[in-house]
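Taking it in order: structure first as C-alpha cells, then the write-up.
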Amino acid sequence: MTAYGFTDEQQAIREGVLRLCARFDADYWRRTDETGVFPEDFVAAMAEAGWLGAAMPVDLGGSGLGLTEAAIAMQAVTESGAGFSGASALHLNIFGPMPVAKFGSEAMKRRAIPRLISGEDKLCIGITEPDAGLNTTSLTTKAVRTNDGYVLSGRKVWTTSAQRANKILIIARTTPRDQVKKATEGLSLFYTDFDRSRITATPIPKMGRKAVESNSVFIDNLPVPAEDLVGEEGRGFYYLLEGLNPERVLFGAEAVGLGRAALKRASAYAKERIVFDRPIGQNQGVAHPLARAWIELEAANLMAFRAAALFDAGQDCGAEANAAKYLGGEAGFHACETAIFTLGGMGYAKEFDVERYFRESMIARLAPISREMVFNFIAERVLGQPKSY
C-alpha cells in the first residue's frame with residue numbers, strides 16, 4: 001500500500017473479490033438472513049479462489065499475503081452487500097489459525113493448516129466465557145494433565161460456527177491461578193477435534209447475522225492428545241495476543257465496507273425518490289447526512305489501513321488497531337443509520353436490505369472488544385493515564 005492508496009496488485013485483489021461476490025446477489029443474502037442457512041456455496045467459492053488461506057504461509061499452502069491484503073479482501077466482501085453475514089462466514093479462516101501457523105509444532109502445522117485452507121476442516125474458536133467476558137485471565141475452563149495428554153472441561157460463549165465445526169482452537173487454564181505469579185500465565189492453547197460426544201453447542205438467538213450462528217458451548221471431560229497443545233504449556237494467552245491487532249483491523253475495515261454498502265443504497269435512493277416534484281437528495285436535510293457518512297467512512301478507512309501497514313512492517317500498531325476498530329464500528333453504524341433515515345419507511349422494509357445492514361452494524365461496535373475497552377487502552381498506553389480497572 002502506498003501513502004495515498006492501494007498498489008496495482010492490491011487493487012486487483014479488491015476487484016477480484018468484488019467480481020466473485022457479484023455472483024451472490026442481494027436476494028441470496030436476504031435468504032440466508034431469513035432462513036439462517038449457512039452460505040456454504042459462497043464459502044466454497046472463496047475457498048476455491050484461495051481466500052481462506054490468504055494470510056497463511058506459502059509453505060503451508062497459503063498465499064502469504066499481509067494484513068493489508070486480507071483487510072482489502074474482507075472489506076470487499078462486506079461492501080459487496082454480503083455484509084457481516086458474508087464476512088463472518090470467512091473471518092475465522094483468515095487470521096484465526098495464525099497461532100497454529102506461528103506457534104504450533106511442524107507436525108501440527110502440516111496436518112492442520114492445509115485442511116483449513118481447503119475447507120476440509122472447519123474451525124471454531126473458544127475464548128470468551130459467560131463469567132469472564134473480556135477478562136480472559138479469569139476464565140475457568142481447565143485442562144488437567146493425564147498420561148496421554150489432557151482432559152478439558154468448562155464453558156464458552158459466543159463461539160461462532162460451532163454447529164458446523166469439526167475443529168476447535170480453545171484456551172484453558174492448565175495451572176491454577178493461585179499457583180502462577182501473573183494471571184496471564186498458566187493458560188494454554190489447544191487445537192483439537194470438536195468431539196460432539198463431549199461438547200454441546202447451543203445456538204444463541206440474536207438480532208442479526210442469523211446465517212452464521214453464535215453458540216453457548218459446554219465441554220465435559222474432553223480428551224485432548226498431548227500433540228494438540230499449541231506451542232508451550234502456559235503460554236496460550238501470549239499466543240492469542242498475536243492475533244488481537246489483526247482481528248481489530250479486520251473488524252474496522254469490514255465495518256467500513258458495510259457502511260459503504262448502506263451508503264450506496266441510500267445515495268441511489270435519494271437520487272431516484274421524487275417527493276414534491278424533486279429528488280429528495282436535492283434537500284440538504286437528506287444530502288448532508290449522506291455526505292457526513294462518506295467523510296466518516298473514509299477517515300475510518302485510513303486508520304484501518306494505517307494500522308494494517310504498521311502491522312505488515314513489523315511495527316507496533318496497538319493504538320492504531322484499536323482506533324481502527326472503534327472508528328470503523330462507529331462510522332459503519334452511522335452510515336447504516338443514515339441509510340435507514342434516507343429511505344424512510346422503506347428503510348424498515350427487508351427488500352431494500354439497509355435494515356439488515358443496520359442490524360449487522362452493531363457487531364463491530366460490540367466485538368471483538370467494547371468501545372470502552374478501546375478507550376481504556378488509548379488512555380493508558382497512549383496518554384499515560386493510570387489503569388482504571
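All residue names refer to the C-alpha cells as shown: chains lettered A, B, ... in order, residues numbered from 1 in each chain, ligands numbered from 1 in order.
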
Selection near range 19-32 of chain A, 10 Å with only C-alpha atoms, sequence-local residues under 5 positions removed, as a VMD selection string: chain A and resid 13 to 14 37 to 39 41 to 42 45 to 46 49 76 to 83 85 to 86 209 to 212 350 to 353 356

Give me, as a compact mmCIF listing (two decimals) with N, CA and C atoms, in the first residue's frame, all polymer residues having an atom no more than 8 Å from Ile219 in chain A, counting only C-alpha atoms and skipping those fewer than 2 positions away in the same chain.
# COMPACT_ATOMS: atom_id res chain seq x y z
N LEU A 152 -10.19 -31.79 29.21
CA LEU A 152 -10.62 -30.39 29.21
C LEU A 152 -12.10 -30.30 29.55
N SER A 153 -12.44 -29.38 30.47
CA SER A 153 -13.83 -29.17 30.86
C SER A 153 -14.08 -27.68 31.07
N GLY A 154 -15.30 -27.24 30.76
CA GLY A 154 -15.65 -25.84 31.01
C GLY A 154 -16.73 -25.36 30.07
N ARG A 155 -16.89 -24.02 30.04
CA ARG A 155 -17.92 -23.40 29.22
C ARG A 155 -17.32 -22.25 28.40
N ARG A 198 -18.58 -35.09 23.57
CA ARG A 198 -18.09 -34.42 24.77
C ARG A 198 -18.38 -32.92 24.79
N ILE A 199 -18.84 -32.39 23.65
CA ILE A 199 -19.09 -30.95 23.54
C ILE A 199 -20.53 -30.73 23.09
N THR A 200 -21.23 -29.88 23.81
CA THR A 200 -22.58 -29.49 23.43
C THR A 200 -22.57 -28.02 23.02
N VAL A 217 -21.28 -23.00 24.52
CA VAL A 217 -20.62 -24.30 24.38
C VAL A 217 -20.29 -24.86 25.77
N ASN A 221 -15.31 -33.12 30.04
CA ASN A 221 -14.23 -34.12 30.05
C ASN A 221 -13.79 -34.52 28.65
N LEU A 222 -13.41 -33.53 27.88
CA LEU A 222 -12.94 -33.76 26.50
C LEU A 222 -11.48 -34.23 26.52

Helix (DSSP H, G or I) positions in range 57-168 of chain A, given as a ChimeraX atom specification: /A:58-60,67-95,98-103,106-118,136-138

Requested write-out: N, CA and C atoms of the selected residues, as a short mmCIF file (atom, residue, chain, number, x, y, z; two decimals), in the first residue's frame:
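Dumped to selection29.cif:
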data_model
loop_
_atom_site.label_atom_id
_atom_site.label_comp_id
_atom_site.auth_asym_id
_atom_site.auth_seq_id
_atom_site.Cartn_x
_atom_site.Cartn_y
_atom_site.Cartn_z
N VAL A 58 3.10 -19.53 2.74
CA VAL A 58 3.13 -20.18 1.43
C VAL A 58 3.51 -21.65 1.55
N ASP A 59 4.45 -21.97 2.44
CA ASP A 59 4.90 -23.35 2.56
C ASP A 59 3.85 -24.27 3.17
N LEU A 60 2.75 -23.68 3.67
CA LEU A 60 1.66 -24.49 4.20
C LEU A 60 0.45 -24.46 3.26
N LEU A 67 -1.61 -8.42 6.29
CA LEU A 67 -2.88 -7.96 6.85
C LEU A 67 -3.55 -6.96 5.93
N THR A 68 -2.77 -6.14 5.25
CA THR A 68 -3.35 -5.16 4.33
C THR A 68 -4.18 -5.85 3.26
N GLU A 69 -3.62 -6.87 2.64
CA GLU A 69 -4.34 -7.58 1.58
C GLU A 69 -5.57 -8.32 2.14
N ALA A 70 -5.43 -8.90 3.33
CA ALA A 70 -6.56 -9.58 3.96
C ALA A 70 -7.69 -8.59 4.25
N ALA A 71 -7.32 -7.40 4.73
CA ALA A 71 -8.32 -6.38 5.02
C ALA A 71 -9.00 -5.89 3.74
N ILE A 72 -8.23 -5.76 2.67
CA ILE A 72 -8.81 -5.37 1.38
C ILE A 72 -9.86 -6.39 0.94
N ALA A 73 -9.50 -7.67 1.04
CA ALA A 73 -10.41 -8.72 0.61
C ALA A 73 -11.67 -8.76 1.46
N MET A 74 -11.51 -8.69 2.78
CA MET A 74 -12.67 -8.79 3.66
C MET A 74 -13.55 -7.55 3.58
N GLN A 75 -12.95 -6.40 3.35
CA GLN A 75 -13.75 -5.19 3.17
C GLN A 75 -14.57 -5.29 1.88
N ALA A 76 -13.97 -5.85 0.85
CA ALA A 76 -14.70 -6.03 -0.41
C ALA A 76 -15.91 -6.94 -0.21
N VAL A 77 -15.78 -7.94 0.64
CA VAL A 77 -16.90 -8.85 0.92
C VAL A 77 -18.06 -8.09 1.53
N THR A 78 -17.81 -7.32 2.60
CA THR A 78 -18.92 -6.59 3.24
C THR A 78 -19.47 -5.53 2.30
N GLU A 79 -18.60 -4.86 1.56
CA GLU A 79 -19.02 -3.78 0.67
C GLU A 79 -19.88 -4.30 -0.48
N SER A 80 -19.70 -5.56 -0.84
CA SER A 80 -20.48 -6.14 -1.94
C SER A 80 -21.96 -6.28 -1.61
N GLY A 81 -22.30 -6.16 -0.34
CA GLY A 81 -23.67 -6.38 0.10
C GLY A 81 -23.80 -7.65 0.92
N ALA A 82 -22.72 -8.44 0.96
CA ALA A 82 -22.74 -9.65 1.79
C ALA A 82 -22.76 -9.29 3.27
N GLY A 83 -22.21 -8.12 3.58
CA GLY A 83 -22.19 -7.66 4.96
C GLY A 83 -21.45 -8.62 5.87
N PHE A 84 -21.82 -8.58 7.14
CA PHE A 84 -21.17 -9.46 8.10
C PHE A 84 -21.65 -10.90 7.99
N SER A 85 -22.77 -11.13 7.28
CA SER A 85 -23.18 -12.50 7.01
C SER A 85 -22.13 -13.19 6.14
N GLY A 86 -21.57 -12.44 5.20
CA GLY A 86 -20.51 -12.99 4.35
C GLY A 86 -19.17 -12.97 5.03
N ALA A 87 -18.83 -11.83 5.65
CA ALA A 87 -17.51 -11.70 6.26
C ALA A 87 -17.31 -12.68 7.41
N SER A 88 -18.33 -12.84 8.25
CA SER A 88 -18.18 -13.72 9.41
C SER A 88 -18.11 -15.19 9.01
N ALA A 89 -18.62 -15.53 7.84
CA ALA A 89 -18.51 -16.89 7.34
C ALA A 89 -17.06 -17.23 6.97
N LEU A 90 -16.25 -16.20 6.74
CA LEU A 90 -14.85 -16.38 6.33
C LEU A 90 -13.86 -15.95 7.39
N HIS A 91 -14.29 -15.05 8.25
CA HIS A 91 -13.39 -14.31 9.14
C HIS A 91 -12.44 -15.22 9.92
N LEU A 92 -12.99 -16.30 10.49
CA LEU A 92 -12.17 -17.17 11.34
C LEU A 92 -11.02 -17.80 10.58
N ASN A 93 -11.21 -18.03 9.28
CA ASN A 93 -10.18 -18.69 8.50
C ASN A 93 -9.04 -17.75 8.09
N ILE A 94 -9.28 -16.44 8.14
CA ILE A 94 -8.27 -15.51 7.65
C ILE A 94 -7.10 -15.40 8.62
N PHE A 95 -7.37 -15.00 9.86
CA PHE A 95 -6.30 -14.91 10.85
C PHE A 95 -6.53 -15.83 12.05
N MET A 98 -3.84 -18.38 12.87
CA MET A 98 -2.48 -17.87 12.94
C MET A 98 -1.68 -18.39 14.14
N PRO A 99 -2.27 -18.53 15.33
CA PRO A 99 -1.48 -19.12 16.43
C PRO A 99 -0.96 -20.51 16.12
N VAL A 100 -1.76 -21.29 15.38
CA VAL A 100 -1.32 -22.63 14.98
C VAL A 100 -0.18 -22.52 13.98
N ALA A 101 -0.35 -21.66 12.98
CA ALA A 101 0.66 -21.49 11.93
C ALA A 101 1.97 -20.92 12.49
N LYS A 102 1.87 -20.11 13.54
CA LYS A 102 3.04 -19.43 14.07
C LYS A 102 3.70 -20.18 15.21
N PHE A 103 2.90 -20.82 16.07
CA PHE A 103 3.45 -21.41 17.29
C PHE A 103 3.28 -22.92 17.39
N GLU A 106 5.74 -28.40 13.93
CA GLU A 106 5.74 -28.62 12.48
C GLU A 106 4.68 -29.64 12.08
N ALA A 107 4.55 -30.70 12.89
CA ALA A 107 3.56 -31.73 12.59
C ALA A 107 2.14 -31.15 12.65
N MET A 108 1.88 -30.31 13.65
CA MET A 108 0.56 -29.71 13.78
C MET A 108 0.28 -28.80 12.59
N LYS A 109 1.23 -27.97 12.23
CA LYS A 109 1.04 -27.06 11.10
C LYS A 109 0.72 -27.83 9.83
N ARG A 110 1.48 -28.91 9.58
CA ARG A 110 1.33 -29.65 8.33
C ARG A 110 -0.01 -30.37 8.25
N ARG A 111 -0.51 -30.82 9.38
CA ARG A 111 -1.78 -31.54 9.34
C ARG A 111 -2.98 -30.60 9.42
N ALA A 112 -2.79 -29.40 9.99
CA ALA A 112 -3.93 -28.53 10.25
C ALA A 112 -4.16 -27.48 9.17
N ILE A 113 -3.14 -26.70 8.84
CA ILE A 113 -3.34 -25.52 8.00
C ILE A 113 -3.83 -25.84 6.59
N PRO A 114 -3.23 -26.81 5.88
CA PRO A 114 -3.73 -27.09 4.52
C PRO A 114 -5.20 -27.50 4.51
N ARG A 115 -5.65 -28.24 5.51
CA ARG A 115 -7.04 -28.68 5.56
C ARG A 115 -7.99 -27.52 5.88
N LEU A 116 -7.52 -26.54 6.64
CA LEU A 116 -8.34 -25.36 6.90
C LEU A 116 -8.43 -24.48 5.65
N ILE A 117 -7.32 -24.37 4.93
CA ILE A 117 -7.30 -23.56 3.71
C ILE A 117 -8.24 -24.14 2.65
N SER A 118 -8.26 -25.47 2.53
CA SER A 118 -9.10 -26.11 1.52
C SER A 118 -10.57 -26.15 1.91
N THR A 136 -10.03 -12.30 29.98
CA THR A 136 -9.64 -13.66 29.61
C THR A 136 -8.86 -14.36 30.71
N THR A 137 -8.08 -13.60 31.48
CA THR A 137 -7.25 -14.23 32.51
C THR A 137 -8.07 -14.85 33.63
N SER A 138 -9.36 -14.51 33.73
CA SER A 138 -10.19 -15.06 34.80
C SER A 138 -11.02 -16.25 34.32
#

Test item: residues at most 10 Å from Ser361 in chain A, only C-alpha atoms, excluding those fewer than 4 positions along its chain, as number ranges by chain: A: 83-84, 208-209, 254-256, 258-259, 328-337, 355-357, 365-366

Nearest to Ala308 in chain A by atom-to-atom distance, counting only C-alpha atoms, from A:Gln10, A:Thr160, A:Thr146, A:Asn245: A:Asn245

Option closest in space to Leu250 in chain A, from A:Gly281, A:Pro223, A:Gly66, A:Pro203 [counting only C-alpha atoms]: A:Gly66

Shell around Leu327 in chain A at 8 Å using only C-alpha atoms, local window under 5 positions removed, as a list in words: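 Everything that qualifies: Gly252, Ala300 and Met303 of chain A.
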
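Interatomic distance, CA of Arg164 in chain A against CA of Val224 in chain A: 19.7 Å.
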
Selected residue, from A:Ala47, A:Leu123, A:Ala319, A:Leu187, that lies nearest to Gly231 in chain A when counting only C-alpha atoms: A:Leu187

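For the pair CA of Val157 in chain A and CA of Glu185 in chain A, the separation is 21.9 Å.
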
Within 12 Å of range 371-389 of chain A: each range 62-170 of chain A residue with its shortest pair, only C-alpha atoms, as a Markdown table:
| residue | atom | partner | partner_atom | distance |
| --- | --- | --- | --- | --- |
| A:Gly133 | CA | A:Met373 | CA | 11.8 |
| A:Leu134 | CA | A:Met373 | CA | 8.8 |
| A:Asn135 | CA | A:Tyr389 | CA | 10.5 |

Long-range neighbours of Ala266 in chain A as an NGL selection string, 9 Å cut-off, only C-alpha atoms, 3 positions minimum in chain: :A and (261-263 or 269-271 or 290 or 336 or 338-343 or 347 or 354)

Based on the selection just made, write N, CA and C atoms of those residues as an mmCIF file, in the first residue's frame.
data_model
loop_
_atom_site.group_PDB
_atom_site.id
_atom_site.type_symbol
_atom_site.label_atom_id
_atom_site.label_comp_id
_atom_site.auth_asym_id
_atom_site.auth_seq_id
_atom_site.Cartn_x
_atom_site.Cartn_y
_atom_site.Cartn_z
ATOM 1 N N ALA A 261 -21.740 -0.114 1.684
ATOM 2 C CA ALA A 261 -22.876 -0.787 1.036
ATOM 3 C C ALA A 261 -24.175 -0.054 1.344
ATOM 4 N N ALA A 262 -24.340 0.345 2.604
ATOM 5 C CA ALA A 262 -25.544 1.070 3.003
ATOM 6 C C ALA A 262 -25.602 2.444 2.345
ATOM 7 N N LEU A 263 -24.459 3.125 2.315
ATOM 8 C CA LEU A 263 -24.411 4.460 1.722
ATOM 9 C C LEU A 263 -24.715 4.415 0.231
ATOM 10 N N TYR A 269 -31.073 5.799 -3.769
ATOM 11 C CA TYR A 269 -32.484 6.064 -3.467
ATOM 12 C C TYR A 269 -32.757 7.563 -3.420
ATOM 13 N N ALA A 270 -31.831 8.316 -2.832
ATOM 14 C CA ALA A 270 -32.020 9.769 -2.706
ATOM 15 C C ALA A 270 -32.064 10.456 -4.068
ATOM 16 N N LYS A 271 -31.396 9.884 -5.051
ATOM 17 C CA LYS A 271 -31.426 10.464 -6.404
ATOM 18 C C LYS A 271 -32.684 10.075 -7.170
ATOM 19 N N LEU A 290 -25.752 12.149 4.291
ATOM 20 C CA LEU A 290 -25.057 11.213 3.403
ATOM 21 C C LEU A 290 -23.596 11.632 3.223
ATOM 22 N N CYS A 336 -25.170 3.196 8.246
ATOM 23 C CA CYS A 336 -26.352 2.335 8.145
ATOM 24 C C CYS A 336 -27.579 3.031 8.721
ATOM 25 N N THR A 338 -28.020 6.269 8.822
ATOM 26 C CA THR A 338 -28.362 7.307 7.849
ATOM 27 C C THR A 338 -29.127 6.723 6.669
ATOM 28 N N ALA A 339 -28.738 5.536 6.257
ATOM 29 C CA ALA A 339 -29.434 4.882 5.149
ATOM 30 C C ALA A 339 -30.895 4.602 5.508
ATOM 31 N N ILE A 340 -31.130 4.149 6.734
ATOM 32 C CA ILE A 340 -32.500 3.898 7.192
ATOM 33 C C ILE A 340 -33.318 5.186 7.112
ATOM 34 N N PHE A 341 -32.756 6.271 7.652
ATOM 35 C CA PHE A 341 -33.486 7.540 7.660
ATOM 36 C C PHE A 341 -33.711 8.069 6.248
ATOM 37 N N THR A 342 -32.751 7.854 5.353
ATOM 38 C CA THR A 342 -32.891 8.334 3.978
ATOM 39 C C THR A 342 -34.035 7.638 3.266
ATOM 40 N N LEU A 343 -34.147 6.340 3.476
ATOM 41 C CA LEU A 343 -35.215 5.580 2.832
ATOM 42 C C LEU A 343 -36.543 5.720 3.553
ATOM 43 N N GLY A 347 -36.871 2.087 4.446
ATOM 44 C CA GLY A 347 -35.670 1.647 5.142
ATOM 45 C C GLY A 347 -35.957 0.564 6.155
ATOM 46 N N VAL A 354 -31.191 -2.332 3.780
ATOM 47 C CA VAL A 354 -30.468 -1.491 4.727
ATOM 48 C C VAL A 354 -30.830 -1.814 6.175
#

Pro368 in chain A environment, 8 Å, only C-alpha atoms, sequence neighbours closer than 2 positions dropped, as a list in words: Glu247, Arg248, Phe251, Ala364, Leu366 and Ser370 of chain A

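For the pair CA of Ser63 in chain A and CA of Glu9 in chain A, the interatomic distance is 13.5 Å.
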